[in-house]
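Undergrad: This is input-v2.pdb, which holds PDB, C-alpha atoms, pLDDT in the B column:
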ATOM      1  CA  MET H   1     -93.028-138.434 115.304  1.00 56.00           C
ATOM      2  CA  THR H   2     -92.816-141.018 118.070  1.00 59.00           C
ATOM      3  CA  MET H   3     -89.845-143.394 118.089  1.00 54.00           C
ATOM      4  CA  SER H   4     -89.286-146.856 119.475  1.00 57.00           C
ATOM      5  CA  PHE H   5     -86.562-149.433 119.015  1.00 50.00           C
ATOM      6  CA  GLN H   6     -88.970-151.470 116.892  1.00 58.00           C
ATOM      7  CA  ARG H   7     -89.708-148.527 114.637  1.00 52.00           C
ATOM      8  CA  ILE H   8     -86.024-147.685 114.260  1.00 51.00           C
ATOM      9  CA  ALA H   9     -85.310-151.286 113.277  1.00 53.00           C
ATOM     10  CA  TYR H  10     -88.207-151.651 110.835  1.00 57.00           C
ATOM     11  CA  GLU H  11     -88.355-148.220 109.248  1.00 57.00           C
ATOM     12  CA  VAL H  12     -85.749-149.122 106.624  1.00 56.00           C
ATOM     13  CA  ARG H  13     -86.676-152.775 106.126  1.00 56.00           C
ATOM     14  CA  GLU H  14     -88.819-153.828 103.194  1.00 57.00           C
ATOM     15  CA  VAL H  15     -90.520-156.632 105.138  1.00 60.00           C
ATOM     16  CA  CYS H  16     -90.822-156.676 108.921  1.00 56.00           C
ATOM     17  CA  ASN H  17     -90.060-160.385 109.281  1.00 63.00           C
ATOM     18  CA  GLY H  18     -87.636-162.951 107.932  1.00 69.00           C
ATOM     19  CA  VAL H  19     -89.486-163.566 104.656  1.00 78.00           C
ATOM     20  CA  GLU H  20     -88.397-161.738 101.522  1.00 87.00           C
ATOM     21  CA  MET H  21     -90.914-159.752  99.478  1.00 89.00           C
ATOM     22  CA  ALA H  22     -90.323-161.968  96.425  1.00 92.00           C
ATOM     23  CA  VAL H  23     -91.394-165.023  98.417  1.00 92.00           C
ATOM     24  CA  ILE H  24     -94.567-163.275  99.600  1.00 92.00           C
ATOM     25  CA  GLU H  25     -95.379-162.145  96.059  1.00 95.00           C
ATOM     26  CA  ALA H  26     -94.820-165.651  94.666  1.00 96.00           C
ATOM     27  CA  ALA H  27     -97.144-167.142  97.278  1.00 95.00           C
ATOM     28  CA  VAL H  28     -99.887-164.609  96.542  1.00 96.00           C
ATOM     29  CA  ALA H  29     -99.467-165.096  92.785  1.00 97.00           C
ATOM     30  CA  ARG H  30    -100.163-168.807  93.251  1.00 97.00           C
ATOM     31  CA  THR H  31    -103.534-168.057  94.871  1.00 96.00           C
ATOM     32  CA  GLY H  32    -104.923-166.786  91.572  1.00 95.00           C
ATOM     33  CA  LEU H  33    -106.637-163.872  93.320  1.00 96.00           C
ATOM     34  CA  THR H  34    -107.741-161.092  91.010  1.00 95.00           C
ATOM     35  CA  ALA H  35    -107.893-157.333  91.479  1.00 96.00           C
ATOM     36  CA  GLY H  36    -110.400-156.304  94.115  1.00 96.00           C
ATOM     37  CA  ALA H  37    -109.969-159.433  96.242  1.00 98.00           C
ATOM     38  CA  ALA H  38    -109.975-158.673  99.970  1.00 98.00           C
ATOM     39  CA  ALA H  39    -106.991-159.424 102.200  1.00 98.00           C
ATOM     40  CA  ILE H  40    -105.965-158.766 105.789  1.00 97.00           C
ATOM     41  CA  ASP H  41    -102.349-158.027 106.720  1.00 96.00           C
ATOM     42  CA  ILE H  42    -102.068-158.857 110.420  1.00 95.00           C
ATOM     43  CA  GLY H  43     -99.123-157.158 112.086  1.00 92.00           C
ATOM     44  CA  THR H  44     -98.575-154.858 109.136  1.00 93.00           C
ATOM     45  CA  GLY H  45     -95.531-153.218 110.712  1.00 90.00           C
ATOM     46  CA  ASN H  46     -94.343-150.568 108.258  1.00 92.00           C
ATOM     47  CA  ALA H  47     -97.142-151.504 105.768  1.00 95.00           C
ATOM     48  CA  LYS H  48     -94.698-152.301 102.940  1.00 94.00           C
ATOM     49  CA  VAL H  49     -96.245-155.742 102.324  1.00 95.00           C
ATOM     50  CA  ALA H  50     -99.790-154.358 102.334  1.00 97.00           C
ATOM     51  CA  ILE H  51     -98.818-151.595  99.915  1.00 97.00           C
ATOM     52  CA  ARG H  52     -96.959-153.963  97.575  1.00 96.00           C
ATOM     53  CA  LEU H  53     -99.841-156.447  97.433  1.00 97.00           C
ATOM     54  CA  ALA H  54    -102.294-153.646  96.687  1.00 98.00           C
ATOM     55  CA  GLU H  55    -100.021-152.252  93.962  1.00 97.00           C
ATOM     56  CA  ARG H  56     -98.975-155.507  92.321  1.00 97.00           C
ATOM     57  CA  PHE H  57    -102.161-157.575  92.630  1.00 98.00           C
ATOM     58  CA  GLY H  58    -104.824-154.892  93.023  1.00 98.00           C
ATOM     59  CA  LEU H  59    -105.925-156.355  96.338  1.00 98.00           C
ATOM     60  CA  THR H  60    -107.940-154.371  98.852  1.00 98.00           C
ATOM     61  CA  ILE H  61    -105.972-154.670 102.080  1.00 98.00           C
ATOM     62  CA  ALA H  62    -107.134-154.241 105.664  1.00 98.00           C
ATOM     63  CA  ALA H  63    -103.851-153.673 107.511  1.00 98.00           C
ATOM     64  CA  VAL H  64    -103.885-154.359 111.255  1.00 98.00           C
ATOM     65  CA  GLU H  65    -101.204-153.142 113.672  1.00 95.00           C
ATOM     66  CA  LEU H  66    -101.298-153.207 117.473  1.00 94.00           C
ATOM     67  CA  ASP H  67     -98.288-150.974 118.147  1.00 91.00           C
ATOM     68  CA  PRO H  68     -99.357-147.318 117.788  1.00 93.00           C
ATOM     69  CA  VAL H  69     -95.792-146.232 116.970  1.00 90.00           C
ATOM     70  CA  MET H  70     -95.568-148.726 114.106  1.00 90.00           C
ATOM     71  CA  ALA H  71     -99.101-147.785 113.034  1.00 95.00           C
ATOM     72  CA  GLU H  72     -97.949-144.169 112.747  1.00 93.00           C
ATOM     73  CA  LEU H  73     -95.180-145.305 110.383  1.00 92.00           C
ATOM     74  CA  ALA H  74     -97.605-147.531 108.451  1.00 95.00           C
ATOM     75  CA  ARG H  75    -100.099-144.661 108.037  1.00 97.00           C
ATOM     76  CA  ARG H  76     -97.359-142.395 106.713  1.00 95.00           C
ATOM     77  CA  ARG H  77     -96.192-145.035 104.226  1.00 95.00           C
ATOM     78  CA  ILE H  78     -99.747-145.725 103.039  1.00 98.00           C
ATOM     79  CA  ASP H  79    -100.356-142.006 102.535  1.00 98.00           C
ATOM     80  CA  GLU H  80     -97.004-141.441 100.768  1.00 96.00           C
ATOM     81  CA  ALA H  81     -97.781-144.319  98.401  1.00 97.00           C
ATOM     82  CA  GLY H  82    -101.206-142.834  97.635  1.00 98.00           C
ATOM     83  CA  MET H  83    -102.798-146.156  98.594  1.00 98.00           C
ATOM     84  CA  GLY H  84    -105.407-144.927 101.072  1.00 97.00           C
ATOM     85  CA  ASP H  85    -108.163-146.077  98.734  1.00 97.00           C
ATOM     86  CA  ARG H  86    -106.888-149.690  98.728  1.00 98.00           C
ATOM     87  CA  VAL H  87    -105.094-150.059 102.064  1.00 98.00           C
ATOM     88  CA  SER H  88    -106.960-149.275 105.275  1.00 98.00           C
ATOM     89  CA  LEU H  89    -105.242-149.302 108.661  1.00 98.00           C
ATOM     90  CA  THR H  90    -106.725-150.346 111.985  1.00 98.00           C
ATOM     91  CA  VAL H  91    -104.848-150.046 115.268  1.00 97.00           C
ATOM     92  CA  ALA H  92    -106.156-152.960 117.311  1.00 97.00           C
ATOM     93  CA  ARG H  93    -105.596-156.565 118.312  1.00 96.00           C
ATOM     94  CA  ALA H  94    -105.942-158.941 115.367  1.00 95.00           C
ATOM     95  CA  ALA H  95    -108.535-161.069 117.193  1.00 95.00           C
ATOM     96  CA  GLU H  96    -110.794-158.036 117.652  1.00 95.00           C
ATOM     97  CA  VAL H  97    -110.586-157.139 113.966  1.00 95.00           C
ATOM     98  CA  LEU H  98    -111.117-160.712 112.782  1.00 94.00           C
ATOM     99  CA  ALA H  99    -114.157-161.121 115.054  1.00 95.00           C
ATOM    100  CA  ARG H 100    -115.956-158.241 113.350  1.00 94.00           C
ATOM    101  CA  THR H 101    -114.736-158.759 109.783  1.00 93.00           C
ATOM    102  CA  SER H 102    -116.637-160.521 107.015  1.00 93.00           C
ATOM    103  CA  PRO H 103    -114.790-163.385 105.337  1.00 94.00           C
ATOM    104  CA  VAL H 104    -111.843-162.315 103.179  1.00 96.00           C
ATOM    105  CA  ASP H 105    -109.918-163.972 100.385  1.00 97.00           C
ATOM    106  CA  LEU H 106    -106.461-163.907 102.013  1.00 96.00           C
ATOM    107  CA  ILE H 107    -104.971-163.417 105.462  1.00 94.00           C
TER     108      ILE H 107
END
Please render this file's structure as structure tokens.

TA:
Amino acid sequence: MTMSFQRIAYEVREVCNGVEMAVIEAAVARTGLTAGAAAIDIGTGNAKVAIRLAERFGLTIAAVELDPVMAELARRRIDEAGMGDRVSLTVARAAEVLARTSPVDLI
């Protein structure tokens, strides 16, 4: 397992930014999206948000992470949650992924 200061900091955090999970969930709930809707999680970090949205709302999530060390953590979390069928992970720049992605319901 590769380590970095970013990974050490974010491994134990639920969300890898200053927004709480409850706020994210409330915002997504207001969209009215139904199970199977497609979403992209740019800068997925530890993938906790992507996993939660797939679990709670049934969304299909394309998680994007540039940092390979964080992507390693995200992949492990996705696998441990058994969400590989609903959360895919791409290690790339967001602009590259968005340029080749069909329209989605939520970013």

Undergrad: Show me, as a PyMOL selection string, the residues that have an atom within 12 Å of region 20-37 of chain H when counting only C-alpha atoms, minus same-chain residues fewer than 6 positions from it.

TA: chain H and resi 13-14+48-62+85-87+103-107

Undergrad: Applying the PyMOL selection byres ((chain H and resi 92) around 10) to the file I just gave you, which residues come out? Please list them as a ChimeraX atom specification.

TA: /H:42-43,64-68,71,89-91,93-97

Undergrad: Could you check which of H:Glu72, H:Ala99, H:Ala63, H:Arg77 is closest to Ile40 (chain H), using only C-alpha atoms?

TA: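 Ranking H:Glu72, H:Ala99, H:Ala63, H:Arg77 by distance to Ile40 (chain H), first place goes to H:Ala63.
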
Undergrad: Could you state the separation of CA of Gly45 (chain H) and CA of Leu73 (chain H) in Å, given to one decimal place?

TA: 7.9 Å

Undergrad: What is the distance between CA of Glu80 (chain H) and CA of Val19 (chain H), in Å to one decimal?

TA: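 CA of Glu80 (chain H) sits 23.7 Å away from CA of Val19 (chain H).
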
Undergrad: Find the smallest box with edges along x, y and z containing every listed atom of region 41-57 of chain H, then add 5 Å on each side and report centre and edge lengths in Å to one decimal, as AutoDock Vina command-line options.

TA:
--center_x -98.3 --center_y -154.7 --center_z 102.2 --size_x 18.0 --size_y 18.3 --size_z 29.8

Undergrad: So how many Å separate CA of Ala74 (chain H) and CA of Ala39 (chain H), to one decimal?

TA: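 Interatomic distance, CA of Ala74 (chain H) to CA of Ala39 (chain H): 16.4 Å.
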
Undergrad: Rebuild region 48-75 of chain H so that it carries N, CA and C atoms, then output the result as a tab-separated table (two decimals), in the frame of the given file.

TA:
chain	number	residue	atom	x	y	z
H	48	LYS	N	-95.29	-152.06	104.26
H	48	LYS	CA	-94.70	-152.30	102.94
H	48	LYS	C	-95.34	-153.49	102.23
H	49	VAL	N	-95.63	-154.57	102.96
H	49	VAL	CA	-96.24	-155.74	102.32
H	49	VAL	C	-97.65	-155.39	101.85
H	50	ALA	N	-98.42	-154.74	102.70
H	50	ALA	CA	-99.79	-154.36	102.33
H	50	ALA	C	-99.79	-153.48	101.08
H	51	ILE	N	-98.90	-152.51	101.06
H	51	ILE	CA	-98.82	-151.60	99.92
H	51	ILE	C	-98.43	-152.36	98.66
H	52	ARG	N	-97.43	-153.21	98.75
H	52	ARG	CA	-96.96	-153.96	97.58
H	52	ARG	C	-98.05	-154.87	97.03
H	53	LEU	N	-98.78	-155.55	97.91
H	53	LEU	CA	-99.84	-156.45	97.43
H	53	LEU	C	-100.98	-155.66	96.78
H	54	ALA	N	-101.26	-154.49	97.31
H	54	ALA	CA	-102.29	-153.65	96.69
H	54	ALA	C	-101.82	-153.15	95.32
H	55	GLU	N	-100.57	-152.75	95.24
H	55	GLU	CA	-100.02	-152.25	93.96
H	55	GLU	C	-99.91	-153.36	92.93
H	56	ARG	N	-99.29	-154.46	93.30
H	56	ARG	CA	-98.98	-155.51	92.32
H	56	ARG	C	-100.19	-156.35	91.93
H	57	PHE	N	-101.05	-156.66	92.90
H	57	PHE	CA	-102.16	-157.57	92.63
H	57	PHE	C	-103.52	-156.88	92.63
H	58	GLY	N	-103.56	-155.61	92.98
H	58	GLY	CA	-104.82	-154.89	93.02
H	58	GLY	C	-105.72	-155.31	94.17
H	59	LEU	N	-105.13	-155.91	95.19
H	59	LEU	CA	-105.92	-156.35	96.34
H	59	LEU	C	-106.37	-155.17	97.18
H	60	THR	N	-107.48	-155.33	97.86
H	60	THR	CA	-107.94	-154.37	98.85
H	60	THR	C	-107.48	-154.91	100.20
H	61	ILE	N	-106.64	-154.17	100.88
H	61	ILE	CA	-105.97	-154.67	102.08
H	61	ILE	C	-106.48	-153.96	103.33
H	62	ALA	N	-106.85	-154.75	104.32
H	62	ALA	CA	-107.13	-154.24	105.66
H	62	ALA	C	-105.89	-154.54	106.49
H	63	ALA	N	-105.08	-153.52	106.73
H	63	ALA	CA	-103.85	-153.67	107.51
H	63	ALA	C	-104.18	-153.50	108.99
H	64	VAL	N	-103.63	-154.39	109.82
H	64	VAL	CA	-103.88	-154.36	111.26
H	64	VAL	C	-102.55	-154.27	111.98
H	65	GLU	N	-102.44	-153.31	112.89
H	65	GLU	CA	-101.20	-153.14	113.67
H	65	GLU	C	-101.58	-152.78	115.10
H	66	LEU	N	-101.02	-153.46	116.06
H	66	LEU	CA	-101.30	-153.21	117.47
H	66	LEU	C	-100.46	-152.06	118.03
H	67	ASP	N	-99.21	-151.97	117.62
H	67	ASP	CA	-98.29	-150.97	118.15
H	67	ASP	C	-98.59	-149.60	117.54
H	68	PRO	N	-99.00	-148.63	118.34
H	68	PRO	CA	-99.36	-147.32	117.79
H	68	PRO	C	-98.19	-146.60	117.13
H	69	VAL	N	-96.97	-146.86	117.58
H	69	VAL	CA	-95.79	-146.23	116.97
H	69	VAL	C	-95.58	-146.80	115.57
H	70	MET	N	-95.69	-148.11	115.43
H	70	MET	CA	-95.57	-148.73	114.11
H	70	MET	C	-96.75	-148.32	113.22
H	71	ALA	N	-97.92	-148.20	113.81
H	71	ALA	CA	-99.10	-147.78	113.03
H	71	ALA	C	-98.91	-146.38	112.47
H	72	GLU	N	-98.25	-145.52	113.23
H	72	GLU	CA	-97.95	-144.17	112.75
H	72	GLU	C	-97.06	-144.24	111.49
H	73	LEU	N	-96.05	-145.11	111.55
H	73	LEU	CA	-95.18	-145.30	110.38
H	73	LEU	C	-95.97	-145.90	109.21
H	74	ALA	N	-96.79	-146.90	109.50
H	74	ALA	CA	-97.60	-147.53	108.45
H	74	ALA	C	-98.53	-146.51	107.79
H	75	ARG	N	-99.19	-145.69	108.58
H	75	ARG	CA	-100.10	-144.66	108.04
H	75	ARG	C	-99.34	-143.71	107.12
